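The data block below is target.pdb; it holds PDB, C-alpha atoms and all ligand atoms.
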```pdb
MODEL        1
ATOM      1  CA  MET A   1      31.129 139.533 103.373  1.00  0.00           C
ATOM      2  CA  SER A   2      30.075 138.496  99.927  1.00  0.00           C
ATOM      3  CA  GLY A   3      31.916 140.049  97.035  1.00  0.00           C
ATOM      4  CA  LYS A   4      35.180 140.063  98.964  1.00  0.00           C
ATOM      5  CA  PHE A   5      36.429 136.849  97.435  1.00  0.00           C
ATOM      6  CA  TRP A   6      38.772 136.818  94.514  1.00  0.00           C
ATOM      7  CA  LYS A   7      37.951 133.440  93.129  1.00  0.00           C
ATOM      8  CA  GLY A   8      40.879 131.620  91.609  1.00  0.00           C
ATOM      9  CA  HIS A   9      43.513 133.853  93.182  1.00  0.00           C
ATOM     10  CA  SER A  10      45.851 130.900  93.565  1.00  0.00           C
ATOM     11  CA  LYS A  11      48.329 132.646  95.882  1.00  0.00           C
ATOM     12  CA  TYR A  12      45.653 132.691  98.554  1.00  0.00           C
ATOM     13  CA  ARG A  13      43.937 129.403  97.783  1.00  0.00           C
ATOM     14  CA  SER A  14      44.494 126.678 100.335  1.00  0.00           C
ATOM     15  CA  SER A  15      42.571 124.183 102.421  1.00  0.00           C
ATOM     16  CA  LYS A  16      41.561 127.124 104.626  1.00  0.00           C
ATOM     17  CA  ASN A  17      40.319 129.208 101.702  1.00  0.00           C
ATOM     18  CA  PRO A  18      39.282 126.920  98.879  1.00  0.00           C
ATOM     19  CA  ASP A  19      37.749 129.900  97.096  1.00  0.00           C
ATOM     20  CA  GLY A  20      40.915 131.974  97.135  1.00  0.00           C
ATOM     21  CA  LYS A  21      41.344 135.285  98.879  1.00  0.00           C
ATOM     22  CA  VAL A  22      39.152 135.918 101.890  1.00  0.00           C
ATOM     23  CA  GLU A  23      39.145 139.419 103.305  1.00  0.00           C
ATOM     24  CA  ILE A  24      37.971 139.025 106.885  1.00  0.00           C
ATOM     25  CA  PRO A  25      40.389 140.741 109.291  1.00  0.00           C
ATOM     26  CA  ILE A  26      41.951 138.800 112.170  1.00  0.00           C
ATOM     27  CA  SER A  27      40.738 140.338 115.427  1.00  0.00           C
ATOM     28  CA  ASP A  28      42.917 141.046 118.469  1.00  0.00           C
ATOM     29  CA  VAL A  29      41.106 138.173 120.204  1.00  0.00           C
ATOM     30  CA  ASP A  30      41.826 135.722 117.352  1.00  0.00           C
ATOM     31  CA  PHE A  31      45.455 136.815 117.348  1.00  0.00           C
ATOM     32  CA  GLN A  32      45.954 136.358 121.075  1.00  0.00           C
ATOM     33  CA  LYS A  33      44.129 133.032 121.079  1.00  0.00           C
ATOM     34  CA  GLY A  34      46.412 131.851 118.257  1.00  0.00           C
ATOM     35  CA  ILE A  35      49.555 132.905 120.115  1.00  0.00           C
ATOM     36  CA  LYS A  36      48.414 131.117 123.276  1.00  0.00           C
ATOM     37  CA  GLU A  37      46.876 127.983 121.801  1.00  0.00           C
ATOM     38  CA  GLY A  38      48.244 127.661 118.271  1.00  0.00           C
ATOM     39  CA  THR A  39      50.906 125.249 117.056  1.00  0.00           C
ATOM     40  CA  PHE A  40      54.372 126.739 116.620  1.00  0.00           C
ATOM     41  CA  VAL A  41      57.269 124.509 115.607  1.00  0.00           C
ATOM     42  CA  LYS A  42      59.850 126.799 117.255  1.00  0.00           C
ATOM     43  CA  PRO A  43      59.278 129.391 120.020  1.00  0.00           C
ATOM     44  CA  ARG A  44      60.749 132.122 117.777  1.00  0.00           C
ATOM     45  CA  HIS A  45      57.964 131.529 115.250  1.00  0.00           C
ATOM     46  CA  LYS A  46      55.606 133.319 117.654  1.00  0.00           C
ATOM     47  CA  ALA A  47      57.794 136.424 117.494  1.00  0.00           C
ATOM     48  CA  PHE A  48      57.487 136.381 113.704  1.00  0.00           C
ATOM     49  CA  ALA A  49      53.691 136.432 114.041  1.00  0.00           C
ATOM     50  CA  VAL A  50      53.872 139.281 116.572  1.00  0.00           C
ATOM     51  CA  LEU A  51      56.015 141.382 114.228  1.00  0.00           C
ATOM     52  CA  LEU A  52      53.706 140.823 111.255  1.00  0.00           C
ATOM     53  CA  PHE A  53      50.538 141.413 113.250  1.00  0.00           C
ATOM     54  CA  TYR A  54      51.571 144.760 114.717  1.00  0.00           C
ATOM     55  CA  SER A  55      53.797 146.218 112.027  1.00  0.00           C
ATOM     56  CA  ALA A  56      51.675 145.171 109.012  1.00  0.00           C
ATOM     57  CA  ILE A  57      54.859 144.641 106.983  1.00  0.00           C
ATOM     58  CA  ARG A  58      54.979 142.126 104.163  1.00  0.00           C
ATOM     59  CA  ASN A  59      56.271 138.622 104.755  1.00  0.00           C
ATOM     60  CA  GLY A  60      59.314 139.305 102.585  1.00  0.00           C
ATOM     61  CA  GLU A  61      60.069 142.562 104.374  1.00  0.00           C
ATOM     62  CA  ALA A  62      60.076 140.728 107.701  1.00  0.00           C
ATOM     63  CA  LEU A  63      62.458 138.044 106.468  1.00  0.00           C
ATOM     64  CA  ARG A  64      65.285 140.480 105.721  1.00  0.00           C
ATOM     65  CA  VAL A  65      65.281 142.377 109.012  1.00  0.00           C
ATOM     66  CA  THR A  66      68.352 142.104 111.193  1.00  0.00           C
ATOM     67  CA  ARG A  67      68.846 142.980 114.815  1.00  0.00           C
ATOM     68  CA  GLU A  68      70.063 146.423 113.675  1.00  0.00           C
ATOM     69  CA  ASN A  69      66.618 147.301 112.296  1.00  0.00           C
ATOM     70  CA  PHE A  70      65.391 147.518 115.884  1.00  0.00           C
ATOM     71  CA  SER A  71      66.139 149.896 118.717  1.00  0.00           C
ATOM     72  CA  THR A  72      64.469 150.867 121.962  1.00  0.00           C
ATOM     73  CA  SER A  73      62.783 154.181 122.718  1.00  0.00           C
ATOM     74  CA  PRO A  74      63.365 155.991 126.045  1.00  0.00           C
ATOM     75  CA  GLU A  75      59.912 154.668 127.065  1.00  0.00           C
ATOM     76  CA  GLY A  76      60.992 151.106 126.325  1.00  0.00           C
ATOM     77  CA  ASP A  77      58.953 150.684 123.138  1.00  0.00           C
ATOM     78  CA  ILE A  78      60.403 148.877 120.133  1.00  0.00           C
ATOM     79  CA  ILE A  79      61.452 151.233 117.330  1.00  0.00           C
ATOM     80  CA  PHE A  80      61.422 149.373 114.063  1.00  0.00           C
ATOM     81  CA  ASP A  81      63.121 150.825 110.994  1.00  0.00           C
ATOM     82  CA  VAL A  82      61.795 148.640 108.177  1.00  0.00           C
ATOM     83  CA  GLY A  83      64.158 150.144 105.585  1.00  0.00           C
ATOM     84  CA  GLU A  84      63.317 150.156 101.884  1.00  0.00           C
ATOM     85  CA  ARG A  85      59.840 148.873 101.241  1.00  0.00           C
ATOM     86  CA  PHE A  86      59.377 146.172  98.657  1.00  0.00           C
ATOM     87  CA  LYS A  87      59.257 147.067  95.050  1.00  0.00           C
ATOM     88  CA  LYS A  88      56.261 145.432  93.522  1.00  0.00           C
ATOM     89  CA  THR A  89      56.176 144.227  89.974  1.00  0.00           C
ATOM     90  CA  ARG A  90      52.885 144.911  88.302  1.00  0.00           C
ATOM     91  CA  TYR A  91      51.550 144.100  84.912  1.00  0.00           C
ATOM     92  CA  ARG A  92      49.745 146.810  83.079  1.00  0.00           C
ATOM     93  CA  LYS A  93      47.664 146.944  79.929  1.00  0.00           C
ATOM     94  CA  THR A  94      46.809 150.156  78.183  1.00  0.00           C
ATOM     95  CA  CYS A  95      43.518 150.466  76.356  1.00  0.00           C
ATOM     96  CA  PRO A  96      44.397 151.462  72.768  1.00  0.00           C
ATOM     97  CA  LYS A  97      41.237 153.558  72.435  1.00  0.00           C
ATOM     98  CA  CYS A  98      40.998 155.639  75.614  1.00  0.00           C
ATOM     99  CA  LEU A  99      44.628 155.036  76.746  1.00  0.00           C
ATOM    100  CA  ASP A 100      43.497 154.129  80.264  1.00  0.00           C
ATOM    101  CA  PRO A 101      46.036 151.847  81.982  1.00  0.00           C
ATOM    102  CA  TRP A 102      44.715 148.685  83.631  1.00  0.00           C
ATOM    103  CA  ASN A 103      46.602 146.894  86.358  1.00  0.00           C
ATOM    104  CA  SER A 104      44.831 143.652  85.596  1.00  0.00           C
ATOM    105  CA  PRO A 105      46.915 141.718  83.066  1.00  0.00           C
ATOM    106  CA  LYS A 106      44.026 139.368  82.345  1.00  0.00           C
ATOM    107  CA  ALA A 107      41.435 142.078  81.647  1.00  0.00           C
ATOM    108  CA  SER A 108      39.529 141.331  78.461  1.00  0.00           C
ATOM    109  CA  PHE A 109      37.568 144.541  78.139  1.00  0.00           C
ATOM    110  CA  CYS A 110      38.416 148.127  79.029  1.00  0.00           C
ATOM    111  CA  LYS A 111      36.349 149.200  82.007  1.00  0.00           C
ATOM    112  CA  CYS A 112      35.972 152.715  80.579  1.00  0.00           C
ATOM    113  CA  CYS A 113      35.032 152.214  76.980  1.00  0.00           C
ATOM    114  CA  GLY A 114      34.456 148.476  76.662  1.00  0.00           C
ATOM    115  CA  THR A 115      37.120 148.031  73.975  1.00  0.00           C
ATOM    116  CA  ASP A 116      38.306 144.433  73.589  1.00  0.00           C
ATOM    117  CA  ILE A 117      41.809 144.438  75.125  1.00  0.00           C
ATOM    118  CA  SER A 118      42.259 140.666  75.367  1.00  0.00           C
ATOM    119  CA  ALA A 119      44.997 140.757  72.715  1.00  0.00           C
ATOM    120  CA  VAL A 120      46.825 143.763  74.220  1.00  0.00           C
ATOM    121  CA  GLU A 121      50.158 142.722  75.683  1.00  0.00           C
ATOM    122  CA  ALA A 122      50.619 143.302  79.415  1.00  0.00           C
ATOM    123  CA  ILE A 123      53.757 145.318  80.220  1.00  0.00           C
ATOM    124  CA  LYS A 124      55.828 144.716  83.345  1.00  0.00           C
ATOM    125  CA  VAL A 125      56.162 147.841  85.476  1.00  0.00           C
ATOM    126  CA  LYS A 126      58.114 148.266  88.675  1.00  0.00           C
ATOM    127  CA  THR A 127      56.572 150.525  91.251  1.00  0.00           C
ATOM    128  CA  LYS A 128      58.824 153.067  92.966  1.00  0.00           C
ATOM    129  CA  THR A 129      60.560 152.074  96.166  1.00  0.00           C
ATOM    130  CA  THR A 130      59.553 153.926  99.249  1.00  0.00           C
ATOM    131  CA  ARG A 131      60.947 154.306 102.728  1.00  0.00           C
ATOM    132  CA  THR A 132      58.772 154.737 105.749  1.00  0.00           C
ATOM    133  CA  ALA A 133      59.682 156.447 109.001  1.00  0.00           C
ATOM    134  CA  PRO A 134      60.569 154.020 111.820  1.00  0.00           C
ATOM    135  CA  LEU A 135      57.512 152.409 113.398  1.00  0.00           C
ATOM    136  CA  THR A 136      56.857 152.479 117.126  1.00  0.00           C
ATOM    137  CA  LEU A 137      55.677 149.128 118.448  1.00  0.00           C
ATOM    138  CA  PRO A 138      54.384 149.649 121.995  1.00  0.00           C
ATOM    139  CA  ILE A 139      55.904 147.264 124.509  1.00  0.00           C
ATOM    140  CA  SER A 140      52.596 147.332 126.393  1.00  0.00           C
ATOM    141  CA  ALA A 141      50.793 145.643 123.464  1.00  0.00           C
ATOM    142  CA  ALA A 142      49.860 142.001 124.010  1.00  0.00           C
ATOM    143  CA  HIS A 143      52.759 139.586 123.383  1.00  0.00           C
ATOM    144  CA  MET A 144      55.188 142.324 122.323  1.00  0.00           C
ATOM    145  CA  ASP A 145      57.631 140.905 124.903  1.00  0.00           C
ATOM    146  CA  ILE A 146      57.932 137.795 122.714  1.00  0.00           C
ATOM    147  CA  LEU A 147      59.246 139.946 119.863  1.00  0.00           C
ATOM    148  CA  GLN A 148      61.579 141.805 122.205  1.00  0.00           C
ATOM    149  CA  ASP A 149      63.077 138.517 123.458  1.00  0.00           C
ATOM    150  CA  ALA A 150      63.646 137.320 119.884  1.00  0.00           C
ATOM    151  CA  ILE A 151      65.433 140.562 118.943  1.00  0.00           C
ATOM    152  CA  ARG A 152      67.612 140.446 122.053  1.00  0.00           C
ATOM    153  CA  SER A 153      68.665 136.868 121.410  1.00  0.00           C
ATOM    154  CA  THR A 154      69.687 137.612 117.810  1.00  0.00           C
ATOM    155  CA  GLY A 155      73.403 138.086 117.129  1.00  0.00           C
ATOM    156  CA  LYS A 156      74.828 141.297 115.692  1.00  0.00           C
ATOM    157  CA  GLY A 157      74.197 141.600 111.967  1.00  0.00           C
ATOM    158  CA  GLU A 158      72.070 138.467 111.956  1.00  0.00           C
ATOM    159  CA  LYS A 159      68.582 138.095 110.585  1.00  0.00           C
ATOM    160  CA  VAL A 160      65.947 137.911 113.295  1.00  0.00           C
ATOM    161  CA  PHE A 161      63.869 135.507 111.187  1.00  0.00           C
ATOM    162  CA  PRO A 162      66.215 133.556 108.900  1.00  0.00           C
ATOM    163  CA  TYR A 163      63.467 131.561 107.219  1.00  0.00           C
ATOM    164  CA  HIS A 164      62.591 130.428 103.743  1.00  0.00           C
ATOM    165  CA  PRO A 165      59.433 132.222 102.487  1.00  0.00           C
ATOM    166  CA  ASN A 166      57.543 128.905 102.556  1.00  0.00           C
ATOM    167  CA  THR A 167      58.413 128.417 106.228  1.00  0.00           C
ATOM    168  CA  ALA A 168      57.278 131.960 106.956  1.00  0.00           C
ATOM    169  CA  TYR A 169      54.000 131.314 105.196  1.00  0.00           C
ATOM    170  CA  ASN A 170      53.458 128.093 107.124  1.00  0.00           C
ATOM    171  CA  ILE A 171      54.180 129.695 110.518  1.00  0.00           C
ATOM    172  CA  ILE A 172      51.203 131.986 110.033  1.00  0.00           C
ATOM    173  CA  HIS A 173      48.999 129.669 108.022  1.00  0.00           C
ATOM    174  CA  ARG A 174      49.235 126.843 110.550  1.00  0.00           C
ATOM    175  CA  VAL A 175      47.594 128.998 113.224  1.00  0.00           C
ATOM    176  CA  TRP A 176      45.540 131.640 111.403  1.00  0.00           C
ATOM    177  CA  ASN A 177      45.394 132.075 107.666  1.00  0.00           C
ATOM    178  CA  TYR A 178      47.667 133.465 104.971  1.00  0.00           C
ATOM    179  CA  PRO A 179      50.185 136.119 106.209  1.00  0.00           C
ATOM    180  CA  HIS A 180      48.862 138.988 104.126  1.00  0.00           C
ATOM    181  CA  LEU A 181      45.696 138.862 106.202  1.00  0.00           C
ATOM    182  CA  PHE A 182      47.701 140.326 109.094  1.00  0.00           C
ATOM    183  CA  ARG A 183      48.496 143.322 106.919  1.00  0.00           C
ATOM    184  CA  LEU A 184      44.865 143.726 105.949  1.00  0.00           C
ATOM    185  CA  SER A 185      43.844 143.370 109.598  1.00  0.00           C
ATOM    186  CA  ARG A 186      46.201 146.088 110.824  1.00  0.00           C
ATOM    187  CA  ILE A 187      45.219 148.512 108.061  1.00  0.00           C
ATOM    188  CA  THR A 188      41.506 148.051 108.665  1.00  0.00           C
ATOM    189  CA  TRP A 189      42.169 148.312 112.424  1.00  0.00           C
ATOM    190  CA  PHE A 190      43.948 151.647 111.893  1.00  0.00           C
ATOM    191  CA  LEU A 191      41.070 152.883 109.757  1.00  0.00           C
ATOM    192  CA  SER A 192      38.431 151.935 112.309  1.00  0.00           C
ATOM    193  CA  HIS A 193      40.586 153.629 114.979  1.00  0.00           C
ATOM    194  CA  LYS A 194      40.325 156.845 112.959  1.00  0.00           C
ATOM    195  CA  GLN A 195      43.863 156.957 111.602  1.00  0.00           C
ATOM    196  CA  THR A 196      43.887 158.864 108.327  1.00  0.00           C
ATOM    197  CA  PRO A 197      44.878 157.351 104.954  1.00  0.00           C
ATOM    198  CA  ILE A 198      47.990 159.595 104.980  1.00  0.00           C
ATOM    199  CA  GLN A 199      49.047 158.181 108.341  1.00  0.00           C
ATOM    200  CA  ILE A 200      48.504 154.648 107.062  1.00  0.00           C
ATOM    201  CA  LYS A 201      50.519 155.480 103.943  1.00  0.00           C
ATOM    202  CA  ASN A 202      53.369 156.599 106.198  1.00  0.00           C
ATOM    203  CA  TRP A 203      53.170 153.377 108.190  1.00  0.00           C
ATOM    204  CA  THR A 204      52.796 150.882 105.370  1.00  0.00           C
ATOM    205  CA  GLY A 205      54.349 152.565 102.353  1.00  0.00           C
ATOM    206  CA  LEU A 206      51.144 151.773 100.449  1.00  0.00           C
ATOM    207  CA  SER A 207      49.782 154.230  97.897  1.00  0.00           C
ATOM    208  CA  LEU A 208      46.675 156.194  98.758  1.00  0.00           C
ATOM    209  CA  ALA A 209      44.878 154.398  95.928  1.00  0.00           C
ATOM    210  CA  ALA A 210      45.643 151.056  97.555  1.00  0.00           C
ATOM    211  CA  ILE A 211      44.488 152.332 100.947  1.00  0.00           C
ATOM    212  CA  ASP A 212      41.223 153.418  99.345  1.00  0.00           C
ATOM    213  CA  TYR A 213      40.444 149.776  98.780  1.00  0.00           C
ATOM    214  CA  TYR A 214      40.821 149.032 102.503  1.00  0.00           C
ATOM    215  CA  THR A 215      38.737 152.088 103.387  1.00  0.00           C
ATOM    216  CA  GLY A 216      35.968 150.513 101.329  1.00  0.00           C
ATOM    217  CA  LEU A 217      36.217 147.293 103.349  1.00  0.00           C
ATOM    218  CA  VAL A 218      35.934 149.146 106.663  1.00  0.00           C
ATOM    219  CA  ASP A 219      33.063 151.254 105.377  1.00  0.00           C
ATOM    220  CA  THR A 220      30.983 148.220 104.461  1.00  0.00           C
ATOM    221  CA  VAL A 221      31.670 146.569 107.816  1.00  0.00           C
ATOM    222  CA  GLU A 222      30.660 149.722 109.706  1.00  0.00           C
ATOM    223  CA  MET A 223      27.634 150.238 107.496  1.00  0.00           C
ATOM    224  CA  GLY A 224      26.544 146.726 108.358  1.00  0.00           C
ATOM    225  CA  LYS A 225      27.181 147.247 112.074  1.00  0.00           C
ATOM    226  CA  SER A 226      25.165 150.493 111.997  1.00  0.00           C
ATOM    227  CA  MET A 227      22.058 148.390 111.438  1.00  0.00           C
ATOM    228  CA  GLY A 228      22.622 146.595 114.728  1.00  0.00           C
ATOM    229  CA  ASN A 229      20.436 149.115 116.558  1.00  0.00           C
ATOM    230  CA  LEU A 230      17.429 148.581 114.291  1.00  0.00           C
ATOM    231  CA  ARG A 231      14.490 147.049 116.051  1.00  0.00           C
TER     232      ARG A 231
HETATM  233 ZN    ZN B 301      39.219 152.203  77.008  1.00  0.00          ZN
ENDMDL
END
```

Give the structure from this file in structure tokens form.
Amino acid sequence: MSGKFWKGHSKYRSSKNPDGKVEIPISDVDFQKGIKEGTFVKPRHKAFAVLLFYSAIRNGEALRVTRENFSTSPEGDIIFDVGERFKKTRYRKTCPKCLDPWNSPKASFCKCCGTDISAVEAIKVKTKTTRTAPLTLPISAAHMDILQDAIRSTGKGEKVFPYHPNTAYNIIHRVWNYPHLFRLSRITWFLSHKQTPIQIKNWTGLSLAAIDYYTGLVDTVEMGKSMGNLR
């Protein structure tokens, strides 16, 4: 998948991705293999991976959840009320000529009119908070019982995953890759299972513009696969 690397994106650069962000989804098989064979320092760390993999929530969103964020449906599925979704801070530059806003603080030239915007100051903007409807996590899904056990053994009002963000990162990175890849994997999975962008917006709290980016990823994968029948 060439062109899907953001070189120099330090947040994602590690020994596993020396080039920065890599956008290859984690398959169900890779996930299950990791749960069964991967290294976890504490048994509860597996439950953290299960929650991230199925719910597609952000690392930080998972770290604040308490036992009270979870309930059980009459069918026995886990109902997960994520609560307020993370506010993201973005940096925005506005092209002085065409007034188009750019979300890339390091942009040197306006993509529309080519005006030099290297000297334009990037402004901090907070995106609106959103709430999503509670998510249903099917108890029949592979390893969901691990998450259920972790929730049940958490005290009232206590965090289910009381970890430092670095620990959370390491739990996932030790076995697979960086945590955000779970989010990408679930979104692309939903798209290839014919869930609509609106449905994915309701699940993730992402904007439709952001989901568009993932749609593009799935499209290229399926376009590639469509050539598999060529002889
Ligand atoms: Zn412009």

- Message: Assuming the chain letters and numbering stay as they are in my file, what does the PyMOL selection byres (((chain A and resi 60) around 10) and not hetatm) actually select? List them as a VMD selection string.
- Response: chain A and resid 57 to 59 61 to 65 85 to 86 163 to 165 168 to 169

- Record the distance separating CA of Ile117 (chain A) and CA of Thr215 (chain A), expressed in Å with one decimal.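 Between these atoms lies a distance of 29.4 Å.
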
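Neighbouring residues of ligand ZN 301 (chain B) at a cut-off of 10 Å, counting only C-alpha atoms and all ligand atoms, are Thr94, Cys95, Pro96, Lys97, Cys98, Leu99, Asp100, Pro101, Trp102, Phe109, Cys110, Lys111, Cys112, Cys113, Gly114, Thr115, Asp116 and Ile117 of chain A.
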
- Query: Do you know which residues the PyMOL selection byres (((chain A and resi 133-146) around 7) and not hetatm) returns on this file, as number ranges by chain?
  - Reply: A: 47, 50, 76-82, 131-132, 147-150, 202-203

Mind checking which residues fall within 8 Å of region 210-214 of chain A, counting only C-alpha atoms, ignoring those fewer than 6 positions away in the same chain, and posting them as a compact mmCIF listing (two decimals) with C-alpha atoms, in the coordinates of the input?
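Saved to around39.txt:
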```txt
# COMPACT_ATOMS: atom_id res chain seq x y z
CA LEU A 184 44.86 143.73 105.95
CA ILE A 187 45.22 148.51 108.06
CA THR A 188 41.51 148.05 108.66
CA PRO A 197 44.88 157.35 104.95
CA ILE A 200 48.50 154.65 107.06
CA LYS A 201 50.52 155.48 103.94
```

- Message: If I take CA of Ile26 (chain A) and CA of Gly83 (chain A), how far is one from the other in Å, to one decimal?
- Response: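 Distance reported for this atom pair: 25.8 Å.
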
- Item | Point-to-point distance in Å for CA of Ile151 (chain A) and CA of Lys36 (chain A) | 19.9 Å

- Message: From the options A:Pro43, A:Leu52, A:Ile24, A:Thr89, which residue's atoms come nearest to Pro179 (chain A), counting all atoms listed in the file?
- Response: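 Checking each candidate against Pro179 (chain A), we get A:Leu52 as the closest.
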
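Closest to Ala56 (chain A) among A:Ser185, A:Ser207, A:Thr167, A:Thr196 is A:Ser185, based on all atoms listed in the file.
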
- Find the residues around Ala119 (chain A) up to 10 Å (all atoms listed in the file counted), leave out those fewer than 3 positions away in its own chain, and share them as a list in words.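 Counting all atoms listed in the file, the residues come to Lys93, Lys106, Ala107, Ser108, Phe109, Asp116 and Ala122 of chain A.
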
- Item | Contacts of region 27-34 of chain A at 7 Å (all atoms listed in the file; same-chain gap of 4+ positions) as a ChimeraX atom specification | /A:38,175-176

- Task: Rank nothing, just name the residue among A:Pro162, A:Gly216, A:Gly205, A:Pro105 nearest to His45 (chain A), using all atoms listed in the file.
- Result: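 That would be A:Pro162, the residue with the smallest distance to His45 (chain A).
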
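Distance annotation: of A:Glu68, A:Arg44, A:His193, A:Leu206, the residue with the minimal separation from Thr130 (chain A) is A:Leu206; atom set is only C-alpha atoms.
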